[in-house]
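Asker: Data file protein.pdb (PDB, C-alpha atoms) is appended below.
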ATOM      1  CA  MET A   1     -19.139 -33.909  -7.448
ATOM      2  CA  SER A   2     -16.441 -32.171  -5.378
ATOM      3  CA  GLY A   3     -12.807 -32.704  -6.222
ATOM      4  CA  THR A   4      -9.675 -32.785  -4.129
ATOM      5  CA  ARG A   5      -9.003 -29.580  -2.210
ATOM      6  CA  THR A   6      -5.631 -27.868  -2.449
ATOM      7  CA  GLU A   7      -4.803 -25.250   0.181
ATOM      8  CA  TRP A   8      -2.599 -22.213  -0.411
ATOM      9  CA  ILE A   9      -1.272 -20.333   2.618
ATOM     10  CA  TRP A  10       0.494 -17.151   1.553
ATOM     11  CA  ILE A  11       2.715 -15.239   3.969
ATOM     12  CA  ARG A  12       4.288 -11.888   3.179
ATOM     13  CA  HIS A  13       7.936 -11.672   4.170
ATOM     14  CA  ALA A  14       9.132  -9.705   7.204
ATOM     15  CA  PRO A  15       9.708  -5.930   6.867
ATOM     16  CA  VAL A  16      12.824  -4.929   4.966
ATOM     17  CA  GLN A  17      15.684  -2.824   6.249
ATOM     18  CA  GLY A  18      16.365   0.725   5.042
ATOM     19  CA  GLN A  19      13.976   0.741   2.063
ATOM     20  CA  GLU A  20      11.119   2.859   3.370
ATOM     21  CA  ASN A  21       9.205   4.672   0.589
ATOM     22  CA  ARG A  22      11.414   3.178  -2.104
ATOM     23  CA  TYR A  23      10.961   0.813  -5.022
ATOM     24  CA  TYR A  24      13.079  -2.169  -4.028
ATOM     25  CA  GLY A  25      11.330  -4.894  -6.044
ATOM     26  CA  GLN A  26      13.841  -7.498  -7.116
ATOM     27  CA  LEU A  27      16.763  -5.946  -5.228
ATOM     28  CA  ASP A  28      17.877  -8.695  -2.853
ATOM     29  CA  VAL A  29      17.595  -6.604   0.298
ATOM     30  CA  ALA A  30      17.569  -8.159   3.761
ATOM     31  CA  SER A  31      14.530  -8.349   5.992
ATOM     32  CA  GLU A  32      14.410  -7.488   9.647
ATOM     33  CA  PRO A  33      14.776 -10.424  12.067
ATOM     34  CA  VAL A  34      11.433 -11.948  13.017
ATOM     35  CA  ASP A  35      10.660 -11.726  16.722
ATOM     36  CA  PRO A  36      10.788 -15.338  17.988
ATOM     37  CA  SER A  37       7.509 -15.028  19.896
ATOM     38  CA  LEU A  38       5.725 -13.693  16.808
ATOM     39  CA  ALA A  39       7.286 -16.396  14.634
ATOM     40  CA  ALA A  40       6.067 -19.041  17.083
ATOM     41  CA  ALA A  41       2.550 -17.560  17.101
ATOM     42  CA  ILE A  42       2.383 -17.608  13.297
ATOM     43  CA  ALA A  43       3.843 -21.117  13.154
ATOM     44  CA  ARG A  44       1.146 -22.415  15.498
ATOM     45  CA  ARG A  45      -1.459 -21.432  12.903
ATOM     46  CA  LEU A  46       0.292 -23.364  10.135
ATOM     47  CA  PRO A  47      -0.181 -27.071   9.379
ATOM     48  CA  ALA A  48       2.452 -29.479  10.642
ATOM     49  CA  THR A  49       2.768 -30.996   7.166
ATOM     50  CA  ALA A  50       2.940 -28.818   4.069
ATOM     51  CA  VAL A  51       4.931 -28.140   0.927
ATOM     52  CA  TRP A  52       6.953 -24.983   1.552
ATOM     53  CA  LEU A  53       7.612 -22.564  -1.306
ATOM     54  CA  SER A  54       9.124 -19.099  -1.487
ATOM     55  CA  SER A  55      10.267 -16.310  -3.717
ATOM     56  CA  PRO A  56      13.944 -16.722  -4.623
ATOM     57  CA  LEU A  57      14.828 -13.492  -2.766
ATOM     58  CA  VAL A  58      16.629 -13.679   0.565
ATOM     59  CA  ARG A  59      13.988 -11.722   2.489
ATOM     60  CA  ALA A  60      11.353 -14.335   1.673
ATOM     61  CA  ARG A  61      13.610 -17.300   2.334
ATOM     62  CA  ALA A  62      14.880 -15.857   5.628
ATOM     63  CA  THR A  63      11.283 -15.375   6.758
ATOM     64  CA  ALA A  64      10.507 -19.012   5.957
ATOM     65  CA  PHE A  65      13.549 -20.127   7.951
ATOM     66  CA  ALA A  66      12.319 -18.055  10.919
ATOM     67  CA  LEU A  67       8.861 -19.628  10.804
ATOM     68  CA  LYS A  68       9.837 -23.292  10.558
ATOM     69  CA  ASP A  69      13.030 -24.914  11.810
ATOM     70  CA  GLY A  70      14.872 -26.874   9.175
ATOM     71  CA  VAL A  71      12.599 -25.890   6.302
ATOM     72  CA  ASP A  72      14.130 -25.666   2.824
ATOM     73  CA  PRO A  73      11.451 -23.952   0.725
ATOM     74  CA  ILE A  74      11.343 -24.546  -3.002
ATOM     75  CA  ALA A  75      12.353 -21.280  -4.688
ATOM     76  CA  VAL A  76       9.775 -20.401  -7.353
ATOM     77  CA  ALA A  77      10.941 -17.850  -9.914
ATOM     78  CA  ALA A  78       7.322 -17.010 -10.828
ATOM     79  CA  PHE A  79       6.837 -15.666  -7.296
ATOM     80  CA  ASN A  80       9.715 -13.171  -7.412
ATOM     81  CA  ASP A  81       8.786  -9.587  -6.573
ATOM     82  CA  GLN A  82       7.906  -7.096  -9.291
ATOM     83  CA  ASN A  83      10.848  -5.928 -11.382
ATOM     84  CA  TYR A  84      10.897  -2.130 -11.211
ATOM     85  CA  GLY A  85      13.894  -1.894 -13.537
ATOM     86  CA  LEU A  86      15.703   1.446 -13.339
ATOM     87  CA  TRP A  87      13.356   2.629 -10.587
ATOM     88  CA  GLN A  88      14.693   0.074  -8.114
ATOM     89  CA  GLY A  89      16.417   1.793  -5.210
ATOM     90  CA  ARG A  90      14.757   5.142  -5.961
ATOM     91  CA  GLY A  91      12.199   6.877  -3.753
ATOM     92  CA  PHE A  92       8.510   6.984  -4.649
ATOM     93  CA  ASN A  93       8.415  10.793  -4.654
ATOM     94  CA  ASP A  94      11.528  11.047  -6.808
ATOM     95  CA  VAL A  95      10.110   8.667  -9.416
ATOM     96  CA  PHE A  96       6.731  10.406  -9.436
ATOM     97  CA  ALA A  97       8.300  13.844  -9.849
ATOM     98  CA  ALA A  98      10.394  12.614 -12.795
ATOM     99  CA  ASN A  99       7.443  10.858 -14.500
ATOM    100  CA  ARG A 100       4.460  13.165 -14.122
ATOM    101  CA  THR A 101       3.246  12.403 -17.654
ATOM    102  CA  LEU A 102       2.510   8.757 -16.792
ATOM    103  CA  ASP A 103      -1.105   7.817 -16.061
ATOM    104  CA  TRP A 104      -0.683   7.087 -12.369
ATOM    105  CA  SER A 105      -4.433   6.510 -12.048
ATOM    106  CA  HIS A 106      -3.941   3.184 -13.870
ATOM    107  CA  PRO A 107      -0.886   1.663 -12.155
ATOM    108  CA  VAL A 108      -1.481  -1.873 -13.498
ATOM    109  CA  ASP A 109      -0.047  -0.922 -16.888
ATOM    110  CA  ILE A 110       2.784   1.372 -15.802
ATOM    111  CA  GLN A 111       6.086  -0.112 -16.950
ATOM    112  CA  PRO A 112       9.299   1.183 -15.378
ATOM    113  CA  PRO A 113      12.258   1.423 -17.779
ATOM    114  CA  GLU A 114      13.794  -2.064 -18.110
ATOM    115  CA  GLY A 115      11.158  -3.401 -15.706
ATOM    116  CA  GLU A 116       7.738  -5.050 -15.800
ATOM    117  CA  THR A 117       4.158  -3.994 -15.236
ATOM    118  CA  PHE A 118       1.919  -5.371 -12.494
ATOM    119  CA  PHE A 119       0.037  -7.101 -15.322
ATOM    120  CA  ASP A 120       3.285  -8.872 -16.294
ATOM    121  CA  LEU A 121       3.828  -9.963 -12.685
ATOM    122  CA  ALA A 122       0.237 -11.203 -12.377
ATOM    123  CA  THR A 123       0.581 -13.225 -15.566
ATOM    124  CA  ARG A 124       3.583 -15.142 -14.254
ATOM    125  CA  VAL A 125       2.000 -15.563 -10.815
ATOM    126  CA  TYR A 126      -1.177 -16.998 -12.396
ATOM    127  CA  GLU A 127       0.890 -19.463 -14.406
ATOM    128  CA  GLY A 128       2.927 -20.475 -11.357
ATOM    129  CA  VAL A 129      -0.117 -20.919  -9.130
ATOM    130  CA  GLN A 130      -1.972 -22.987 -11.705
ATOM    131  CA  ARG A 131       1.056 -25.182 -12.433
ATOM    132  CA  LEU A 132       1.785 -25.850  -8.759
ATOM    133  CA  THR A 133      -1.890 -26.351  -7.896
ATOM    134  CA  ASP A 134      -2.019 -29.090 -10.508
ATOM    135  CA  HIS A 135       1.295 -30.600  -9.419
ATOM    136  CA  TYR A 136       0.500 -30.616  -5.687
ATOM    137  CA  SER A 137      -3.223 -31.317  -5.945
ATOM    138  CA  GLY A 138      -4.634 -32.304  -2.552
ATOM    139  CA  HIS A 139      -1.711 -30.866  -0.592
ATOM    140  CA  THR A 140      -1.269 -27.744   1.515
ATOM    141  CA  LEU A 141       1.252 -25.244   0.184
ATOM    142  CA  VAL A 142       2.826 -22.538   2.358
ATOM    143  CA  CYS A 143       4.420 -19.810   0.244
ATOM    144  CA  VAL A 144       6.427 -16.861   1.567
ATOM    145  CA  ALA A 145       6.397 -14.102  -1.015
ATOM    146  CA  HIS A 146       5.763 -10.407  -1.693
ATOM    147  CA  ALA A 147       2.762  -8.108  -1.421
ATOM    148  CA  ASN A 148       2.122  -7.796  -5.159
ATOM    149  CA  VAL A 149       2.565 -11.535  -5.696
ATOM    150  CA  ILE A 150      -0.048 -12.211  -3.014
ATOM    151  CA  ARG A 151      -2.375  -9.558  -4.467
ATOM    152  CA  ALA A 152      -2.119 -11.309  -7.836
ATOM    153  CA  ALA A 153      -2.969 -14.679  -6.244
ATOM    154  CA  ILE A 154      -5.995 -13.095  -4.545
ATOM    155  CA  ALA A 155      -7.098 -11.587  -7.873
ATOM    156  CA  LEU A 156      -6.965 -15.045  -9.436
ATOM    157  CA  ALA A 157      -8.982 -16.598  -6.602
ATOM    158  CA  LEU A 158     -11.641 -13.852  -6.489
ATOM    159  CA  ASP A 159     -11.684 -13.238 -10.255
ATOM    160  CA  ILE A 160     -11.293  -9.495  -9.743
ATOM    161  CA  ASP A 161      -9.515  -6.966 -11.938
ATOM    162  CA  LEU A 162      -5.908  -6.159 -11.143
ATOM    163  CA  GLY A 163      -6.598  -2.511 -10.394
ATOM    164  CA  THR A 164      -8.891  -3.603  -7.579
ATOM    165  CA  ALA A 165      -6.305  -6.113  -6.365
ATOM    166  CA  LEU A 166      -3.729  -3.354  -5.965
ATOM    167  CA  ARG A 167      -5.965  -1.749  -3.332
ATOM    168  CA  ILE A 168      -5.753  -4.815  -1.056
ATOM    169  CA  GLU A 169      -3.519  -4.365   1.976
ATOM    170  CA  VAL A 170      -0.937  -7.098   2.500
ATOM    171  CA  ALA A 171       1.053  -6.383   5.660
ATOM    172  CA  PRO A 172       4.453  -7.883   6.472
ATOM    173  CA  LEU A 173       4.059 -11.338   8.057
ATOM    174  CA  SER A 174       0.316 -11.383   7.318
ATOM    175  CA  VAL A 175      -1.362 -14.628   6.269
ATOM    176  CA  THR A 176      -3.737 -15.122   3.327
ATOM    177  CA  ARG A 177      -5.509 -18.470   2.833
ATOM    178  CA  LEU A 178      -6.907 -19.616  -0.501
ATOM    179  CA  GLY A 179      -8.465 -22.950  -1.427
ATOM    180  CA  HIS A 180      -8.903 -24.678  -4.785
ATOM    181  CA  ARG A 181     -11.091 -27.513  -6.081
ATOM    182  CA  ILE A 182     -12.099 -28.882  -9.450
ATOM    183  CA  VAL A 183     -15.893 -29.311  -9.304
ATOM    184  CA  ASP A 184     -17.534 -31.049 -12.276
ATOM    185  CA  GLY A 185     -14.533 -30.130 -14.370
ATOM    186  CA  VAL A 186     -14.602 -26.469 -13.362
ATOM    187  CA  SER A 187     -11.831 -24.772 -11.385
ATOM    188  CA  GLN A 188     -13.217 -23.170  -8.225
ATOM    189  CA  TRP A 189     -11.360 -20.984  -5.714
ATOM    190  CA  SER A 190     -12.389 -19.964  -2.228
ATOM    191  CA  VAL A 191     -10.920 -17.446   0.199
ATOM    192  CA  GLY A 192     -10.412 -18.240   3.879
ATOM    193  CA  CYS A 193      -8.790 -14.969   4.952
ATOM    194  CA  ILE A 194      -6.804 -12.059   3.536
ATOM    195  CA  ASN A 195      -4.115 -10.077   5.330
ATOM    196  CA  HIS A 196      -4.615 -11.776   8.697
ATOM    197  CA  GLU A 197      -2.095 -10.340  11.137
ATOM    198  CA  THR A 198      -1.299 -12.550  14.108
ATOM    199  CA  GLY A 199      -2.123 -10.770  17.344
ATOM    200  CA  HIS A 200      -4.570  -8.381  15.656
TER     201      HIS A 200
END
Written as structure tokens, how would this file's structure read?

Answerer:
Amino acid sequence: MSGTRTEWIWIRHAPVQGQENRYYGQLDVASEPVDPSLAAAIARRLPATAVWLSSPLVRARATAFALKDGVDPIAVAAFNDQNYGLWQGRGFNDVFAANRTLDWSHPVDIQPPEGETFFDLATRVYEGVQRLTDHYSGHTLVCVAHANVIRAAIALALDIDLGTALRIEVAPLSVTRLGHRIVDGVSQWSVGCINHETGH
């Protein structure tokens, strides 16, 4: 017997300003303005009625505002970007050069000083997704968040290891659709699309 379907529509925030090739993580940096024609094209693919969620960071919330007039997304702390601790604001090459002894072939477990691993992020994302899926069962949820948050949600849906999930591309303003049902008491996820870029 099929249960009620809950839809998750994940959208990565717009590109950020001045942070190319840097760890910016939980720094509250601004995103670039969303082109109105692109925002309208993305919005046309979204349901008229949905529960809107976002990361607490301004780049995610500003993207939500650009996509839907008058929306006030619920800020979900579990969907904050990865905390890179003392690496935040530093360039990728600089960090790599200063930390050559780390096992960069297994990035899931690399923990920046005073920060968190991707495993830590995935754990809180899993908990947030499961809690909100239960709370909003049968609804459609649109969540504007970050690449690694969306990768973690995909890993949960596909039941894949986190190292594999880190290889998934999640472009700015791309859309990922996941569905959830309880079937005969068993949680079942499905994937509609990953990293769909409007106009591509």

Asker: Select, from A:Ser137, A:Leu57, A:Ala43, A:Ile11, the residue with the minimum atom-to-atom distance to Val29 in chain A, counting all atoms listed in the file.

Answerer: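 For Val29 in chain A, the nearest of the candidates is A:Leu57.
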
Asker: Give me the residues within 10 Å of Gln111 in chain A as a count of residues only, counting all atoms listed in the file and dropping any in the same chain fewer than 3 places off.

Answerer: 13

Asker: Could you tell me which of A:Asp103, A:Ala77, A:Leu141, A:Ser31 comes closest to Glu127 in chain A if we count all atoms listed in the file?

Answerer: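 Answer, going by the shortest atom-to-atom distance: A:Ala77.
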
Asker: Evaluate the PyMOL selection byres ((chain A and resi 90) around 12) here and jot the selected residues down as a count of residues only.

Answerer: 24

Asker: Give me, please, the distance in Å between CA of Gln26 in chain A and CA of Gln82 in chain A, quoted to one decimal.

Answerer: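 Distance between the two atoms: 6.3 Å.
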
Asker: Have a look at A:Ala78, A:Val125, A:Ala14, A:Ala171 and name the one nearest to Val34 in chain A; count only C-alpha atoms.

Answerer: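 Looking only at the distances to Val34 in chain A, the closest residue turns out to be A:Ala14.
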
Asker: To test your reading of the syntax: which residues would the PyMOL selection byres ((chain A and resi 8) around 8) return for the file shown? Reply as a PDB file with C-alpha atoms, in the frame of the given file.

Answerer:
ATOM      1  CA  THR A   6      -5.631 -27.868  -2.449  1.00  0.00           C
ATOM      2  CA  GLU A   7      -4.803 -25.250   0.181  1.00  0.00           C
ATOM      3  CA  ILE A   9      -1.272 -20.333   2.618  1.00  0.00           C
ATOM      4  CA  TRP A  10       0.494 -17.151   1.553  1.00  0.00           C
ATOM      5  CA  THR A 140      -1.269 -27.744   1.515  1.00  0.00           C
ATOM      6  CA  LEU A 141       1.252 -25.244   0.184  1.00  0.00           C
ATOM      7  CA  VAL A 142       2.826 -22.538   2.358  1.00  0.00           C
ATOM      8  CA  CYS A 143       4.420 -19.810   0.244  1.00  0.00           C
ATOM      9  CA  ARG A 177      -5.509 -18.470   2.833  1.00  0.00           C
ATOM     10  CA  LEU A 178      -6.907 -19.616  -0.501  1.00  0.00           C
ATOM     11  CA  GLY A 179      -8.465 -22.950  -1.427  1.00  0.00           C
TER      12      GLY A 179
END

Asker: Go ahead and compute the interatomic distance for CA of Ala157 in chain A and CA of Leu121 in chain A, in Å to one decimal.

Answerer: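 According to the coordinates, CA of Ala157 in chain A and CA of Leu121 in chain A are separated by 15.7 Å.
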
Asker: Could you tell me which residues the PyMOL selection byres ((chain A and resi 180-184) around 8) returns for this structure, as a PyMOL selection string?

Answerer: chain A and resi 1-7+133+178-179+185-190

Asker: For the selection you just gave me, I'd like the residues written to a file as a tab-separated table (two decimals), in the coordinates of the input, keeping C-alpha atoms.

Answerer:
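Writing done, so here's again-v7.tsv:
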chain	number	residue	atom	x	y	z
A	1	MET	CA	-19.14	-33.91	-7.45
A	2	SER	CA	-16.44	-32.17	-5.38
A	3	GLY	CA	-12.81	-32.70	-6.22
A	4	THR	CA	-9.68	-32.78	-4.13
A	5	ARG	CA	-9.00	-29.58	-2.21
A	6	THR	CA	-5.63	-27.87	-2.45
A	7	GLU	CA	-4.80	-25.25	0.18
A	133	THR	CA	-1.89	-26.35	-7.90
A	178	LEU	CA	-6.91	-19.62	-0.50
A	179	GLY	CA	-8.46	-22.95	-1.43
A	185	GLY	CA	-14.53	-30.13	-14.37
A	186	VAL	CA	-14.60	-26.47	-13.36
A	187	SER	CA	-11.83	-24.77	-11.38
A	188	GLN	CA	-13.22	-23.17	-8.22
A	189	TRP	CA	-11.36	-20.98	-5.71
A	190	SER	CA	-12.39	-19.96	-2.23

Asker: Which polymer residues, protein or nucleic acid, are no farther than 8 Å from (5.6, -12.0, -6.6), counting only C-alpha atoms, as a ChimeraX atom specification?

Answerer: /A:55,78-82,121-122,125,145-150,152

Asker: Deliver the residues from the most recent selection as a file, using C-alpha atoms, as a PDB file, in the coordinates of the input.

Answerer:
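In the end it all went to selection_38.pdb:
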ATOM      1  CA  SER A  55      10.267 -16.310  -3.717  1.00  0.00           C
ATOM      2  CA  ALA A  78       7.322 -17.010 -10.828  1.00  0.00           C
ATOM      3  CA  PHE A  79       6.837 -15.666  -7.296  1.00  0.00           C
ATOM      4  CA  ASN A  80       9.715 -13.171  -7.412  1.00  0.00           C
ATOM      5  CA  ASP A  81       8.786  -9.587  -6.573  1.00  0.00           C
ATOM      6  CA  GLN A  82       7.906  -7.096  -9.291  1.00  0.00           C
ATOM      7  CA  LEU A 121       3.828  -9.963 -12.685  1.00  0.00           C
ATOM      8  CA  ALA A 122       0.237 -11.203 -12.377  1.00  0.00           C
ATOM      9  CA  VAL A 125       2.000 -15.563 -10.815  1.00  0.00           C
ATOM     10  CA  ALA A 145       6.397 -14.102  -1.015  1.00  0.00           C
ATOM     11  CA  HIS A 146       5.763 -10.407  -1.693  1.00  0.00           C
ATOM     12  CA  ALA A 147       2.762  -8.108  -1.421  1.00  0.00           C
ATOM     13  CA  ASN A 148       2.122  -7.796  -5.159  1.00  0.00           C
ATOM     14  CA  VAL A 149       2.565 -11.535  -5.696  1.00  0.00           C
ATOM     15  CA  ILE A 150      -0.048 -12.211  -3.014  1.00  0.00           C
ATOM     16  CA  ALA A 152      -2.119 -11.309  -7.836  1.00  0.00           C
TER      17      ALA A 152
END

Asker: Which is closest to Tyr136 in chain A among A:Cys193, A:Ala40, A:Leu53, A:Ala153, if we use all atoms listed in the file?

Answerer: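 When distances to Tyr136 in chain A are compared using all atoms listed in the file, the smallest one comes from A:Leu53.
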
Asker: Do you have the CA of Pro36 in chain A-CA of Thr198 in chain A distance handy?

Answerer: 13.0 Å

Asker: I'd like the neighbourhood of range 72-75 of chain A as a PyMOL selection string, where a residue qualifies if any of its atoms comes within 8 Å (using only C-alpha atoms), though same-chain residues fewer than 2 positions away should be ignored.

Answerer: chain A and resi 51-56+61+64-65+70+77

Asker: Which one of A:Val191, A:Val58, A:Ile154, A:Ala66 sits closest to Asp35 in chain A if you count all atoms listed in the file?

Answerer: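 The closest residue to Asp35 in chain A is A:Ala66.
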
Asker: Go through A:Val144, A:Ile110, A:Ala48, A:Val76 one by one, measure the shortest atom-to-atom distance of each to Pro172 in chain A using all atoms listed in the file, and give the residue with the smallest value.

Answerer: A:Val144

Asker: Hey, can I get the axis-aligned box for range 110-129 of chain A? All listed atoms, 6 Å padding on each side, centre and edge lengths in Å to one decimal, as AutoDock Vina command-line options.

Answerer:
--center_x 6.3 --center_y -9.7 --center_z -13.6 --size_x 27.0 --size_y 34.3 --size_z 21.0
